[in-house]
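A.B. asks: What follows is work.cif, made up of mmCIF, C-alpha atoms:
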```cif
data_entry
#
loop_
_atom_site.label_atom_id
_atom_site.label_comp_id
_atom_site.auth_asym_id
_atom_site.auth_seq_id
_atom_site.Cartn_x
_atom_site.Cartn_y
_atom_site.Cartn_z
CA MET A 1 -1.91 -17.72 11.12
CA PHE A 2 -3.40 -14.25 11.03
CA PHE A 3 -6.91 -13.84 9.58
CA LYS A 4 -7.69 -10.40 8.19
CA ALA A 5 -11.18 -9.32 7.09
CA PRO A 6 -13.24 -6.13 7.26
CA ARG A 7 -15.44 -5.40 10.23
CA ASP A 8 -19.09 -4.69 9.49
CA ASP A 9 -18.80 -1.13 10.81
CA VAL A 10 -15.91 -0.15 8.49
CA ASP A 11 -16.45 2.61 5.94
CA GLN A 12 -16.86 1.43 2.32
CA VAL A 13 -13.73 3.32 1.24
CA LEU A 14 -11.66 1.42 3.79
CA ARG A 15 -13.23 -1.87 2.71
CA GLU A 16 -11.90 -1.15 -0.79
CA TYR A 17 -8.36 -0.94 0.60
CA GLY A 18 -8.71 -4.51 1.80
CA ARG A 19 -9.78 -5.69 -1.64
CA LYS A 20 -6.71 -3.96 -3.06
CA GLU A 21 -4.54 -5.69 -0.47
CA VAL A 22 -5.92 -9.02 -1.67
CA THR A 23 -4.88 -8.00 -5.19
CA PHE A 24 -1.41 -7.19 -3.87
CA TYR A 25 -1.07 -10.70 -2.44
CA ASP A 26 -2.55 -12.28 -5.59
CA VAL A 27 -0.33 -10.39 -8.04
CA VAL A 28 2.77 -8.97 -6.36
CA ALA A 29 3.43 -11.36 -3.50
CA VAL A 30 3.34 -14.45 -5.71
CA ALA A 31 5.92 -12.84 -8.03
CA THR A 32 8.20 -11.74 -5.18
CA PRO A 33 11.18 -13.86 -4.09
CA ALA A 34 10.38 -16.04 -1.07
CA GLY A 35 11.14 -14.70 2.37
CA LEU A 36 10.51 -11.01 1.67
CA LEU A 37 6.83 -10.85 2.61
CA PRO A 38 4.62 -12.65 5.10
CA ARG A 39 3.38 -15.93 3.63
CA CYS A 40 -0.14 -15.63 2.27
CA TYR A 41 -2.13 -18.82 2.64
CA GLU A 42 -5.35 -17.45 1.16
CA ALA A 43 -6.42 -14.19 -0.49
CA VAL A 44 -10.09 -14.01 -1.48
CA VAL A 45 -12.47 -11.38 -2.81
CA GLU A 46 -16.04 -12.65 -2.99
CA PRO A 47 -18.30 -11.64 -5.92
CA ALA A 48 -20.35 -9.59 -3.43
CA GLY A 49 -17.21 -7.63 -2.53
CA ASP A 50 -16.35 -9.16 0.84
CA TRP A 51 -12.70 -10.11 1.22
CA HIS A 52 -10.30 -11.87 3.55
CA LEU A 53 -6.63 -12.73 3.87
CA MET A 54 -4.99 -15.55 5.76
CA LEU A 55 -1.38 -14.58 6.41
CA GLU A 56 1.62 -15.82 8.30
CA ASP A 57 1.39 -14.53 11.88
CA LEU A 58 4.37 -12.30 12.58
CA THR A 59 3.05 -11.06 15.92
CA LEU A 60 5.98 -12.34 17.95
CA SER A 61 8.67 -11.46 15.41
CA LEU A 62 9.35 -8.10 17.05
CA GLY A 63 9.28 -9.36 20.62
CA GLU A 64 6.87 -9.19 23.53
CA TRP A 65 4.40 -6.33 23.70
CA PRO A 66 4.69 -3.68 25.17
CA ILE A 67 8.47 -3.89 25.26
CA PRO A 68 9.89 -2.06 22.21
CA PRO A 69 11.72 -4.24 19.68
CA SER A 70 15.49 -4.34 19.84
CA THR A 71 17.54 -2.27 17.42
CA GLU A 72 18.65 -5.51 15.76
CA ARG A 73 15.04 -6.57 15.12
CA LEU A 74 14.14 -3.15 13.74
CA ASP A 75 17.22 -3.23 11.50
CA ALA A 76 16.06 -6.62 10.20
CA VAL A 77 12.62 -5.17 9.33
CA VAL A 78 14.21 -2.25 7.45
CA ALA A 79 16.59 -4.64 5.65
CA ALA A 80 13.70 -6.91 4.59
CA HIS A 81 11.79 -3.86 3.32
CA ALA A 82 14.85 -2.77 1.32
CA ARG A 83 15.31 -6.29 -0.15
CA PHE A 84 11.66 -6.28 -1.27
CA HIS A 85 12.10 -2.96 -3.10
CA ALA A 86 15.44 -4.04 -4.56
CA ALA A 87 13.84 -7.24 -5.91
CA TRP A 88 11.29 -5.14 -7.82
CA TRP A 89 13.66 -2.31 -8.86
CA ASP A 90 13.14 -1.54 -12.57
CA ASP A 91 11.37 -4.87 -13.07
CA GLU A 92 10.01 -5.11 -16.63
CA ARG A 93 6.58 -6.12 -15.29
CA LEU A 94 6.03 -2.77 -13.53
CA GLY A 95 3.26 -0.87 -15.25
CA VAL A 96 2.63 -3.81 -17.58
CA SER A 97 1.36 -6.84 -15.67
CA VAL A 98 2.06 -5.47 -12.18
CA GLY A 99 0.73 -2.09 -11.16
CA ALA A 100 -0.14 0.82 -13.36
CA PHE A 101 1.46 4.13 -14.23
CA ASP A 102 -0.59 7.36 -13.99
CA ARG A 103 -3.68 5.41 -12.92
CA HIS A 104 -4.41 7.67 -9.95
CA LEU A 105 -3.34 11.04 -11.34
CA ALA A 106 -6.63 11.91 -13.07
CA ALA A 107 -8.65 11.00 -9.98
CA LEU A 108 -6.39 12.85 -7.53
CA PRO A 109 -8.30 16.18 -7.41
CA LYS A 110 -11.65 14.44 -6.90
CA ASP A 111 -10.21 11.99 -4.36
CA PHE A 112 -8.58 14.83 -2.43
CA ALA A 113 -11.82 16.82 -2.39
CA ALA A 114 -13.65 13.82 -0.90
CA PHE A 115 -10.84 13.33 1.61
CA ALA A 116 -10.93 17.02 2.61
CA ASP A 117 -14.73 16.90 2.97
CA ARG A 118 -14.48 13.82 5.17
CA LEU A 119 -11.91 15.51 7.43
CA GLY A 120 -13.64 18.88 7.51
CA ASP A 121 -11.99 21.34 9.87
CA ARG A 122 -9.53 18.66 11.06
CA LEU A 123 -7.55 19.37 7.86
CA SER A 124 -5.69 22.63 8.45
CA ALA A 125 -5.47 25.29 5.75
CA GLU A 126 -1.70 24.77 5.67
CA ARG A 127 -2.04 21.02 5.05
CA LYS A 128 -4.73 21.60 2.45
CA GLU A 129 -2.38 23.98 0.62
CA VAL A 130 0.38 21.33 0.59
CA TYR A 131 -2.00 18.84 -1.05
CA GLU A 132 -3.18 21.42 -3.56
CA ARG A 133 0.43 22.27 -4.51
CA LEU A 134 1.13 18.57 -4.99
CA ILE A 135 -1.91 18.20 -7.26
CA THR A 136 -0.77 21.21 -9.31
CA ALA A 137 2.79 19.83 -9.60
CA ALA A 138 1.75 16.22 -10.22
CA PRO A 139 1.82 16.33 -14.05
CA ARG A 140 5.42 17.56 -13.98
CA LEU A 141 6.47 15.16 -11.23
CA ILE A 142 4.92 12.17 -12.98
CA GLY A 143 7.47 12.49 -15.80
CA ARG A 144 9.86 10.18 -13.94
CA TYR A 145 7.18 7.50 -13.75
CA ARG A 146 6.49 7.77 -17.43
CA SER A 147 10.13 6.97 -18.11
CA HIS A 148 9.60 3.54 -16.49
CA ARG A 149 13.08 3.89 -14.92
CA ASP A 150 14.26 3.90 -11.33
CA LEU A 151 10.97 2.47 -10.05
CA THR A 152 9.85 -0.18 -7.63
CA ILE A 153 6.60 -1.30 -5.99
CA SER A 154 4.64 1.07 -3.80
CA ARG A 155 1.59 -0.24 -2.02
CA GLY A 156 0.59 3.28 -1.13
CA MET A 157 -2.36 4.47 0.86
CA ALA A 158 -4.72 2.14 -0.91
CA ALA A 159 -2.53 -0.93 -0.38
CA SER A 160 -2.59 -1.65 -4.05
CA ALA A 161 0.11 -2.77 -6.42
CA THR A 162 1.05 0.54 -7.95
CA CYS A 163 4.34 1.75 -9.24
CA GLY A 164 6.23 4.64 -7.82
#
```
Now, as a test, write the supplied structure out as structure tokens.
C.D. replies:
Amino acid sequence: MFFKAPRDDVDQVLREYGRKEVTFYDVVAVATPAGLLPRCYEAVVEPAGDWHLMLEDLTLSLGEWPIPPSTERLDAVVAAHARFHAAWWDDERLGVSVGAFDRHLAALPKDFAAFADRLGDRLSAERKEVYERLITAAPRLIGRYRSHRDLTISRGMAASATCG
């Protein structure tokens, strides 16, 4: 088994990602066909906000560290990833009981500003411009999501059950 929990020195924003990962295992993993995700033995968020996951240990599934995995093993990982997305493709629960459409769009400018502040001069002007163009184009690009067609699960940066 693999026990996953936040360290005490982890930033509060990163701690939130863990709570969202617990939600992923509580909502998405239980509704996913067996064999496509690591088994989750326990997913807990405490009322105080602490969280932990107890997952199937896949440490040895890619081989012995530091030797790179074989092409066959890497192909198996990609195939499992594809089967997961195929299982959720255009599922009627997306955006209804699993995930949410447009949930992050309104917060994107504010979230990006906080991200850019946190990175400071480590975020180049060129990269910043790419993000700003994405934010500007987002309302037009989100049209596909609003159609609720050709979608699957995306855990995204926040490891949450969102659609896209």
A.B. asks: Got a sec: who's within 9 Å of A:Ala43, counting only C-alpha atoms, leaving out chain neighbours fewer than 6 positions off, as a list in words?
C.D. replies: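 Once the adjacent positions are removed, what remains is Glu21, Val22, Thr23, Tyr25, Asp26, Trp51, His52, Leu53, Met54 and Leu55 of chain A.
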A.B. asks: For each of A:Ser124, A:Thr136, A:Ser147, A:Ser97, take the minimum atom-to-atom distance to A:Ala31, counting only C-alpha atoms, then give the residue where this is smallest.
C.D. replies: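 The answer is A:Ser97, which sits nearest to A:Ala31.
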A.B. asks: Let me make sure I understand: among A:Val13, A:Arg39, A:Phe3, A:Phe84, which one has the smallest atom-to-atom distance to A:Arg118 if we use all atoms listed in the file?
C.D. replies: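 Of all the options, A:Val13 lies closest to A:Arg118.
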A.B. asks: Please report the interatomic distance between atom CA of A:Pro109 and atom CA of A:Val27 in Å with one decimal.
C.D. replies: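 Those two atoms sit 27.7 Å apart.
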A.B. asks: Care to translate the PyMOL selection byres ((chain A and resi 18) around 12) into actual residues of this file, as a tab-separated table (two decimals) with C-alpha atoms, in the frame of the given file?
C.D. replies:
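File written: selection-v8.tsv
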```
chain	number	residue	atom	x	y	z
A	4	LYS	CA	-7.69	-10.40	8.19
A	5	ALA	CA	-11.18	-9.32	7.09
A	6	PRO	CA	-13.24	-6.13	7.26
A	7	ARG	CA	-15.44	-5.40	10.23
A	10	VAL	CA	-15.91	-0.15	8.49
A	11	ASP	CA	-16.45	2.61	5.94
A	12	GLN	CA	-16.86	1.43	2.32
A	13	VAL	CA	-13.73	3.32	1.24
A	14	LEU	CA	-11.66	1.42	3.79
A	15	ARG	CA	-13.23	-1.87	2.71
A	16	GLU	CA	-11.90	-1.15	-0.79
A	17	TYR	CA	-8.36	-0.94	0.60
A	19	ARG	CA	-9.78	-5.69	-1.64
A	20	LYS	CA	-6.71	-3.96	-3.06
A	21	GLU	CA	-4.54	-5.69	-0.47
A	22	VAL	CA	-5.92	-9.02	-1.67
A	23	THR	CA	-4.88	-8.00	-5.19
A	24	PHE	CA	-1.41	-7.19	-3.87
A	25	TYR	CA	-1.07	-10.70	-2.44
A	43	ALA	CA	-6.42	-14.19	-0.49
A	44	VAL	CA	-10.09	-14.01	-1.48
A	45	VAL	CA	-12.47	-11.38	-2.81
A	46	GLU	CA	-16.04	-12.65	-2.99
A	49	GLY	CA	-17.21	-7.63	-2.53
A	50	ASP	CA	-16.35	-9.16	0.84
A	51	TRP	CA	-12.70	-10.11	1.22
A	52	HIS	CA	-10.30	-11.87	3.55
A	53	LEU	CA	-6.63	-12.73	3.87
A	155	ARG	CA	1.59	-0.24	-2.02
A	157	MET	CA	-2.36	4.47	0.86
A	158	ALA	CA	-4.72	2.14	-0.91
A	159	ALA	CA	-2.53	-0.93	-0.38
A	160	SER	CA	-2.59	-1.65	-4.05
```
A.B. asks: What residues come out when you apply the PyMOL selection byres ((chain A and resi 90) around 7) to this file, written as a ChimeraX atom specification?
C.D. replies: /A:88-89,91-92,149-152
